[in-house]
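For reference, final-v4.txt (compact mmCIF, C-alpha atoms):
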# COMPACT_ATOMS: atom_id res chain seq x y z
CA MET B 1 117.63 82.65 112.16
CA GLU B 2 117.77 86.32 111.19
CA ILE B 3 119.25 85.55 107.77
CA MET B 4 116.61 82.86 107.22
CA TYR B 5 113.88 85.27 108.25
CA THR B 6 115.17 88.01 105.91
CA ILE B 7 115.29 85.66 102.93
CA VAL B 8 111.78 84.33 103.59
CA ALA B 9 110.24 87.77 104.15
CA LEU B 10 111.83 89.16 100.98
CA ALA B 11 110.72 86.10 99.01
CA ILE B 12 107.13 86.47 100.21
CA ILE B 13 107.00 90.18 99.37
CA ILE B 14 108.72 89.99 95.97
CA PHE B 15 107.01 86.86 94.69
CA SER B 16 103.53 87.87 95.81
CA ILE B 17 103.93 91.22 94.02
CA LEU B 18 105.19 89.42 90.91
CA THR B 19 102.26 86.97 91.07
CA VAL B 20 99.71 89.72 90.57
CA THR B 21 101.71 91.97 88.21
CA THR B 22 103.09 89.57 85.60
CA ARG B 23 101.07 89.35 82.40
CA LYS B 24 101.77 85.72 81.53
CA ILE B 25 99.42 83.61 83.63
CA LEU B 26 101.68 80.54 83.68
CA ARG B 27 104.43 82.66 85.25
CA SER B 28 101.91 83.89 87.76
CA ALA B 29 101.26 80.28 88.82
CA THR B 30 105.01 79.67 89.14
CA TYR B 31 105.50 82.72 91.36
CA LEU B 32 102.55 81.52 93.45
CA LEU B 33 104.45 78.26 93.96
CA PHE B 34 107.47 80.15 95.33
CA THR B 35 105.24 82.18 97.66
CA LEU B 36 103.66 78.99 98.99
CA PHE B 37 107.10 77.49 99.62
CA ALA B 38 108.09 80.60 101.58
CA ALA B 39 104.92 80.24 103.67
CA ALA B 40 105.86 76.60 104.33
CA ILE B 41 109.29 77.74 105.55
CA ILE B 42 107.57 80.13 107.97
CA TYR B 43 105.59 77.18 109.36
CA PHE B 44 108.84 75.26 109.81
CA MET B 45 110.39 78.26 111.58
CA MET B 46 107.38 78.31 113.93
CA ASP B 47 108.19 74.65 114.87
CA TYR B 48 104.99 73.28 113.31
CA GLU B 49 106.69 70.67 111.14
CA PHE B 50 103.53 68.78 110.25
CA LEU B 51 101.82 71.97 109.10
CA GLY B 52 104.79 72.82 106.86
CA GLY B 53 104.65 69.34 105.37
CA VAL B 54 100.92 69.65 104.72
CA GLN B 55 101.45 73.07 103.13
CA ILE B 56 104.04 71.66 100.71
CA ALA B 57 102.06 68.49 99.93
CA VAL B 58 98.63 70.04 99.47
CA TYR B 59 99.41 73.51 98.11
CA ALA B 60 102.69 73.10 96.23
CA GLY B 61 101.97 69.52 95.23
CA GLY B 62 98.24 69.61 94.62
CA ILE B 63 96.78 73.02 94.03
CA VAL B 64 99.59 74.47 91.89
CA VAL B 65 99.53 71.37 89.66
CA LEU B 66 95.76 71.84 89.29
CA PHE B 67 96.36 75.48 88.34
CA VAL B 68 99.00 74.60 85.76
CA PHE B 69 96.76 71.93 84.22
CA SER B 70 93.79 74.24 83.93
CA ILE B 71 95.92 77.11 82.56
CA LEU B 72 97.34 74.85 79.86
CA LEU B 73 93.85 73.58 79.03
CA THR B 74 92.23 77.00 78.74
CA THR B 75 94.87 79.40 77.35
CA SER B 76 97.39 79.02 74.56
CA PRO B 77 100.89 78.95 76.05
CA GLY B 78 103.00 82.09 75.80
CA SER B 79 100.12 84.45 75.17
CA ASN B 80 99.93 87.63 77.19
CA SER B 81 96.80 88.49 79.05
CA GLU B 82 94.82 91.46 77.82
CA LYS B 83 96.28 94.82 78.82
CA LEU B 84 94.47 96.21 81.82
CA THR B 85 92.58 99.44 81.54
CA ASN B 86 93.92 102.29 83.61
CA ARG B 87 90.75 102.76 85.60
CA ARG B 88 90.69 99.16 86.77
CA VAL B 89 94.33 99.30 87.85
CA TRP B 90 93.84 102.52 89.83
CA TRP B 91 90.81 101.15 91.65
CA GLY B 92 92.78 98.01 92.53
CA ILE B 93 95.80 99.99 93.74
CA LEU B 94 93.53 102.29 95.74
CA ALA B 95 91.83 99.36 97.49
CA ALA B 96 95.12 97.57 98.21
CA VAL B 97 96.90 100.69 99.51
CA CYS B 98 93.95 101.71 101.69
CA THR B 99 93.80 98.22 103.23
CA ALA B 100 97.56 98.16 103.77
CA GLY B 101 97.53 101.67 105.24
CA VAL B 102 94.72 101.14 107.74
CA THR B 103 95.89 97.68 108.83
CA GLY B 104 99.55 98.67 108.90
CA TRP B 105 98.80 101.75 110.98
CA ALA B 106 96.80 99.63 113.44
CA LEU B 107 99.61 97.06 113.64
CA LEU B 108 102.40 99.59 114.08
CA SER B 109 100.58 101.66 116.68
CA ARG B 110 99.25 98.73 118.73
CA CYS B 111 101.68 95.84 118.60
CA ALA B 112 105.05 97.18 117.48
CA GLU B 113 106.74 96.40 120.78
CA ILE B 114 104.71 93.62 122.40
CA PHE B 115 105.47 89.92 121.92
CA ALA B 116 109.06 90.61 121.04
CA THR B 117 110.41 87.16 121.84
CA LYS B 118 109.27 83.78 120.64
CA PRO B 119 108.30 81.81 123.77
CA ALA B 120 109.30 78.21 124.28
CA MET B 121 106.72 75.69 123.14
CA ALA B 122 105.91 72.33 124.67
CA ASP B 123 106.83 69.60 122.23
CA TYR B 124 103.72 68.75 120.21
CA THR B 125 104.36 65.44 118.54
CA MET B 126 102.57 63.70 115.69
CA GLN B 127 101.06 61.28 118.22
CA ASP B 128 99.49 64.15 120.19
CA LEU B 129 98.10 65.60 116.98
CA GLY B 130 96.59 62.26 115.93
CA GLU B 131 95.02 61.71 119.33
CA ASP B 132 93.58 65.25 119.36
CA MET B 133 92.09 64.75 115.91
CA LEU B 134 90.23 61.62 117.00
CA SER B 135 89.24 62.58 120.53
CA THR B 136 85.76 63.68 121.57
CA GLY B 137 86.82 65.19 124.89
CA HIS B 138 88.09 68.66 125.72
CA GLY B 139 90.43 69.92 123.00
CA GLY B 140 89.40 67.13 120.63
CA TYR B 141 88.56 67.67 116.99
CA LEU B 142 86.58 64.58 115.96
CA LEU B 143 83.52 66.49 114.71
CA PRO B 144 85.39 68.91 112.37
CA PHE B 145 87.55 66.00 111.23
CA GLU B 146 84.48 63.99 110.20
CA ALA B 147 82.78 67.06 108.72
CA ILE B 148 85.78 67.79 106.53
CA SER B 149 85.94 64.20 105.29
CA VAL B 150 82.29 64.45 104.22
CA LEU B 151 83.05 67.83 102.62
CA LEU B 152 85.97 66.38 100.65
CA LEU B 153 83.82 63.46 99.46
CA ALA B 154 81.07 65.84 98.37
CA CYS B 155 83.67 68.01 96.63
CA ILE B 156 85.13 65.07 94.70
CA ILE B 157 81.68 63.93 93.54
CA GLY B 158 80.72 67.52 92.70
CA ALA B 159 83.90 68.18 90.69
CA VAL B 160 83.44 64.97 88.70
CA ALA B 161 79.77 65.73 88.07
CA VAL B 162 80.48 69.31 86.96
CA ALA B 163 83.46 68.59 84.70
CA ARG B 164 82.09 65.37 83.15
CA LYS B 165 81.58 65.35 79.39
CA ARG B 166 77.95 65.15 78.38
CA MET N 1 118.22 91.06 116.76
CA GLU N 2 115.13 89.40 118.09
CA ILE N 3 112.41 88.57 115.56
CA LYS N 4 109.19 90.11 116.83
CA LEU N 5 105.63 89.10 116.11
CA LEU N 6 105.21 92.21 113.97
CA TYR N 7 108.00 91.15 111.61
CA TYR N 8 105.91 88.17 110.49
CA LEU N 9 102.66 90.10 110.24
CA VAL N 10 104.00 92.73 107.82
CA PRO N 11 104.96 90.32 104.95
CA SER N 12 101.64 88.55 105.34
CA LEU N 13 99.83 91.92 105.19
CA ILE N 14 101.65 92.76 101.94
CA MET N 15 100.76 89.31 100.59
CA PHE N 16 97.09 89.90 101.44
CA CYS N 17 97.06 93.30 99.73
CA CYS N 18 98.68 91.81 96.60
CA GLY N 19 95.93 89.21 96.54
CA LEU N 20 93.31 91.94 96.93
CA TYR N 21 94.81 93.95 94.06
CA GLY N 22 94.95 90.89 91.81
CA PHE N 23 91.42 89.85 92.63
CA LEU N 24 90.05 93.29 91.76
CA THR N 25 92.05 93.89 88.56
CA ARG N 26 92.39 90.53 86.82
CA LYS N 27 89.78 89.37 84.33
CA ASN N 28 90.95 85.82 83.80
CA MET N 29 89.12 83.58 86.27
CA ILE N 30 92.16 81.40 86.97
CA ALA N 31 94.24 84.49 87.75
CA MET N 32 91.51 85.60 90.15
CA LEU N 33 91.63 82.19 91.82
CA ILE N 34 95.43 82.50 92.18
CA SER N 35 94.97 85.88 93.91
CA LEU N 36 92.40 84.26 96.20
CA GLU N 37 94.97 81.64 97.19
CA LEU N 38 97.40 84.44 98.10
CA MET N 39 94.84 86.00 100.43
CA LEU N 40 93.99 82.65 102.05
CA ASN N 41 97.68 81.93 102.64
CA ALA N 42 98.28 85.30 104.24
CA VAL N 43 95.47 84.60 106.72
CA ASP N 44 96.88 81.11 107.41
CA ILE N 45 100.30 82.59 108.20
CA ASN N 46 98.68 85.06 110.61
CA PHE N 47 96.80 82.29 112.44
CA THR N 48 99.95 80.21 112.87
CA VAL N 49 102.29 83.01 113.89
CA ILE N 50 99.88 84.53 116.41
CA ASN N 51 99.20 81.08 117.87
CA ARG N 52 102.93 80.47 118.27
CA TYR N 53 103.81 83.86 119.79
CA ILE N 54 100.83 84.63 122.03
CA PHE N 55 99.51 81.20 123.03
CA PRO N 56 102.46 78.81 122.71
CA ASP N 57 100.80 76.19 124.94
CA SER N 58 97.64 75.80 122.90
CA LYS N 59 97.26 74.58 119.33
CA GLU N 60 93.97 76.01 118.05
CA GLY N 61 95.55 78.30 115.45
CA MET N 62 97.61 75.49 113.98
CA ILE N 63 94.63 73.09 113.79
CA PHE N 64 92.51 75.86 112.25
CA THR N 65 95.18 76.39 109.58
CA LEU N 66 95.20 72.65 108.90
CA PHE N 67 91.43 72.64 108.30
CA ALA N 68 91.65 75.87 106.28
CA ILE N 69 94.22 74.27 103.95
CA ALA N 70 91.94 71.25 103.41
CA ILE N 71 88.90 73.45 102.69
CA ALA N 72 90.95 75.65 100.31
CA ALA N 73 92.02 72.56 98.37
CA ALA N 74 88.41 71.40 98.04
CA GLU N 75 87.24 74.86 96.98
CA THR N 76 89.99 75.21 94.35
CA ALA N 77 89.21 71.82 92.81
CA LEU N 78 85.53 72.66 92.51
CA ALA N 79 86.19 76.15 91.11
CA ILE N 80 88.55 74.78 88.47
CA ALA N 81 85.97 72.17 87.47
CA ILE N 82 83.42 74.95 86.99
CA ILE N 83 85.92 77.08 85.00
CA ILE N 84 86.81 74.19 82.68
CA ASN N 85 83.13 73.42 82.13
CA LEU N 86 82.51 77.10 81.32
CA TYR N 87 85.45 77.07 78.90
CA ARG N 88 83.93 74.06 77.16
CA VAL N 89 80.69 75.99 76.59
CA THR N 90 81.95 79.51 75.79
CA LYS N 91 85.64 79.01 74.84
CA LYS N 92 86.52 81.92 77.17
CA VAL N 93 87.67 82.18 80.77
CA GLU N 94 87.29 85.94 81.17
CA THR N 95 84.71 87.25 83.61
CA ASP N 96 83.17 89.81 81.27
CA GLU N 97 82.65 87.24 78.52
CA ALA N 98 80.56 84.98 80.72
CA SER N 99 77.50 87.15 80.95
CA GLN N 100 74.89 84.58 80.00
CA LEU N 101 73.63 81.82 82.23
CA LYS N 102 72.88 79.48 79.33
CA GLY N 103 75.64 79.27 76.75
What does the file become when written as structure tokens?
Amino acid sequence: MEIMYTIVALAIIIFSILTVTTRKILRSATYLLFTLFAAAIIYFMMDYEFLGGVQIAVYAGGIVVLFVFSILLTTSPGSNSEKLTNRRVWWGILAAVCTAGVTGWALLSRCAEIFATKPAMADYTMQDLGEDMLSTGHGGYLLPFEAISVLLLACIIGAVAVARKR
Amino acid sequence: MEIKLLYYLVPSLIMFCCGLYGFLTRKNMIAMLISLELMLNAVDINFTVINRYIFPDSKEGMIFTLFAIAIAAAETALAIAIIINLYRVTKKVETDEASQLKG
């Protein structure tokens, strides 16, 4: 478990830094794919198997393919992006380091020692998840489930209407 | 060695800050969208890990992540449709080139 954790944590850190620093945008999308896979492995390590499956299917299978398609449609392959101006980079680094510093200080000073062990979890099967999604009682998620289906329908119609050739 | 809650929060914090840096510095709209996905994923990891460690008997964090993934997919599809439509009009996908509402 420790070896697995070390590999996943290193992969997340290295690939997310590479995603934002590489100058070829197609490579950036590829590194994003690796980061998303590492996140899926974290979900599997947390015993949420369905969530890990959804992460791989929707993000790695759907969104990254969309990104690659749109990159190939809009930029010529192999071209570098424009070199960033120094001022822009320094503002970005300043914002990122300030956020990391404040949040990291809060984390380290408040919850460095608490919640040290992963507690046992009651087995949450696919059947429980399906019944929760379609139940209207306490702990049921029928309303958000229906709302998100309407949202997805509206999004499909909107995407087709926006991208359609006139 | 026991893996603490903190050990999962630190990589996700670094992931979020990378996304922030990319979103502020990149000019290409698709690269900005990729950085946005990094930030969204960092938040999703936090929801799941905190749910698992602090409230192992409930499932709200996991369900919230499930809905967040679905909404992120919808948002990305719509944003890419808008970017491709903009490219068709202006032949550019950089933010500082798209300064006119009517191309």
*Near chain B, which residues of chain N fall within 7 Å when you count all atoms listed in the file, and what do they look like as a PyMOL selection string?*
chain N and resi 2-6+11+13-15+17-18+20-22+24-25+31+35+45+49+52-53+56-57+66+73-74+77-78+80-82+84-85+87
*CA of Ala79 (chain N) to CA of Leu33 (chain B): how many Å, to one decimal?*
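A separation of 18.6 Å between them.
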_Distance of CA of Tyr8 (chain N) from CA of Met126 (chain B), expressed in Å to one decimal place_ = 25.2 Å
*Residue with smallest distance to Thr48 (chain N) - pool N:Leu86, N:Leu9, N:Ile71, N:Met32, counting only C-alpha atoms*: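 Residue with the minimum atom-to-atom distance to Thr48 (chain N): N:Leu9.
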_Can you measure CA of Leu38 (chain N) to CA of Ala68 (chain N) for me? One decimal in Å is fine._
13.2 Å
Give me region 17-85 of chain B from this structure - C-alpha atoms, as a PDB file, in the first residue's frame.
ATOM      1  CA  ILE B  17       3.623  20.136 -13.092  1.00  0.00           C
ATOM      2  CA  LEU B  18       4.497  18.893 -16.588  1.00  0.00           C
ATOM      3  CA  THR B  19       0.932  19.558 -17.781  1.00  0.00           C
ATOM      4  CA  VAL B  20       1.232  23.276 -17.146  1.00  0.00           C
ATOM      5  CA  THR B  21       4.917  23.754 -18.047  1.00  0.00           C
ATOM      6  CA  THR B  22       5.285  21.918 -21.362  1.00  0.00           C
ATOM      7  CA  ARG B  23       5.068  24.113 -24.445  1.00  0.00           C
ATOM      8  CA  LYS B  24       3.521  21.611 -26.836  1.00  0.00           C
ATOM      9  CA  ILE B  25      -0.199  21.549 -26.120  1.00  0.00           C
ATOM     10  CA  LEU B  26      -0.721  17.968 -27.327  1.00  0.00           C
ATOM     11  CA  ARG B  27       1.843  16.797 -24.758  1.00  0.00           C
ATOM     12  CA  SER B  28       0.004  18.796 -22.151  1.00  0.00           C
ATOM     13  CA  ALA B  29      -3.173  16.821 -22.920  1.00  0.00           C
ATOM     14  CA  THR B  30      -1.228  13.543 -22.655  1.00  0.00           C
ATOM     15  CA  TYR B  31       0.194  14.469 -19.249  1.00  0.00           C
ATOM     16  CA  LEU B  32      -3.329  15.419 -18.161  1.00  0.00           C
ATOM     17  CA  LEU B  33      -4.390  11.878 -19.082  1.00  0.00           C
ATOM     18  CA  PHE B  34      -1.719  10.410 -16.775  1.00  0.00           C
ATOM     19  CA  THR B  35      -2.779  12.731 -13.943  1.00  0.00           C
ATOM     20  CA  LEU B  36      -6.396  11.626 -14.348  1.00  0.00           C
ATOM     21  CA  PHE B  37      -5.353   7.972 -14.231  1.00  0.00           C
ATOM     22  CA  ALA B  38      -3.461   8.619 -10.996  1.00  0.00           C
ATOM     23  CA  ALA B  39      -6.586  10.249  -9.541  1.00  0.00           C
ATOM     24  CA  ALA B  40      -8.580   7.162 -10.559  1.00  0.00           C
ATOM     25  CA  ILE B  41      -6.070   4.968  -8.714  1.00  0.00           C
ATOM     26  CA  ILE B  42      -6.596   7.097  -5.595  1.00  0.00           C
ATOM     27  CA  TYR B  43     -10.340   6.430  -5.862  1.00  0.00           C
ATOM     28  CA  PHE B  44      -9.631   2.707  -6.118  1.00  0.00           C
ATOM     29  CA  MET B  45      -7.366   2.919  -3.059  1.00  0.00           C
ATOM     30  CA  MET B  46     -10.222   4.605  -1.173  1.00  0.00           C
ATOM     31  CA  ASP B  47     -12.423   1.533  -1.967  1.00  0.00           C
ATOM     32  CA  TYR B  48     -14.792   3.501  -4.214  1.00  0.00           C
ATOM     33  CA  GLU B  49     -14.519   1.191  -7.206  1.00  0.00           C
ATOM     34  CA  PHE B  50     -17.472   2.643  -9.099  1.00  0.00           C
ATOM     35  CA  LEU B  51     -16.077   6.158  -8.770  1.00  0.00           C
ATOM     36  CA  GLY B  52     -12.712   5.021 -10.145  1.00  0.00           C
ATOM     37  CA  GLY B  53     -14.466   3.385 -13.076  1.00  0.00           C
ATOM     38  CA  VAL B  54     -16.459   6.541 -13.775  1.00  0.00           C
ATOM     39  CA  GLN B  55     -13.286   8.631 -13.573  1.00  0.00           C
ATOM     40  CA  ILE B  56     -11.554   6.444 -16.173  1.00  0.00           C
ATOM     41  CA  ALA B  57     -14.595   6.202 -18.461  1.00  0.00           C
ATOM     42  CA  VAL B  58     -15.667   9.847 -18.403  1.00  0.00           C
ATOM     43  CA  TYR B  59     -12.383  11.710 -17.952  1.00  0.00           C
ATOM     44  CA  ALA B  60      -9.765   9.481 -19.569  1.00  0.00           C
ATOM     45  CA  GLY B  61     -12.161   8.099 -22.163  1.00  0.00           C
ATOM     46  CA  GLY B  62     -14.309  11.110 -22.929  1.00  0.00           C
ATOM     47  CA  ILE B  63     -12.831  14.432 -21.978  1.00  0.00           C
ATOM     48  CA  VAL B  64      -9.215  13.749 -23.001  1.00  0.00           C
ATOM     49  CA  VAL B  65     -10.396  12.481 -26.405  1.00  0.00           C
ATOM     50  CA  LEU B  66     -12.416  15.693 -26.796  1.00  0.00           C
ATOM     51  CA  PHE B  67      -9.306  17.698 -25.913  1.00  0.00           C
ATOM     52  CA  VAL B  68      -7.130  15.837 -28.415  1.00  0.00           C
ATOM     53  CA  PHE B  69      -9.729  16.289 -31.163  1.00  0.00           C
ATOM     54  CA  SER B  70     -10.072  20.001 -30.571  1.00  0.00           C
ATOM     55  CA  ILE B  71      -6.281  20.497 -30.313  1.00  0.00           C
ATOM     56  CA  LEU B  72      -5.760  18.747 -33.632  1.00  0.00           C
ATOM     57  CA  LEU B  73      -8.549  20.811 -35.202  1.00  0.00           C
ATOM     58  CA  THR B  74      -7.285  24.175 -34.009  1.00  0.00           C
ATOM     59  CA  THR B  75      -3.460  24.013 -33.941  1.00  0.00           C
ATOM     60  CA  SER B  76      -0.965  22.605 -36.404  1.00  0.00           C
ATOM     61  CA  PRO B  77       0.704  19.541 -34.859  1.00  0.00           C
ATOM     62  CA  GLY B  78       4.217  19.936 -33.490  1.00  0.00           C
ATOM     63  CA  SER B  79       4.100  23.694 -33.161  1.00  0.00           C
ATOM     64  CA  ASN B  80       5.235  25.260 -29.925  1.00  0.00           C
ATOM     65  CA  SER B  81       3.015  27.663 -28.117  1.00  0.00           C
ATOM     66  CA  GLU B  82       4.111  31.267 -27.976  1.00  0.00           C
ATOM     67  CA  LYS B  83       6.856  31.958 -25.444  1.00  0.00           C
ATOM     68  CA  LEU B  84       5.398  33.397 -22.280  1.00  0.00           C
ATOM     69  CA  THR B  85       6.349  36.858 -21.171  1.00  0.00           C
TER      70      THR B  85
END
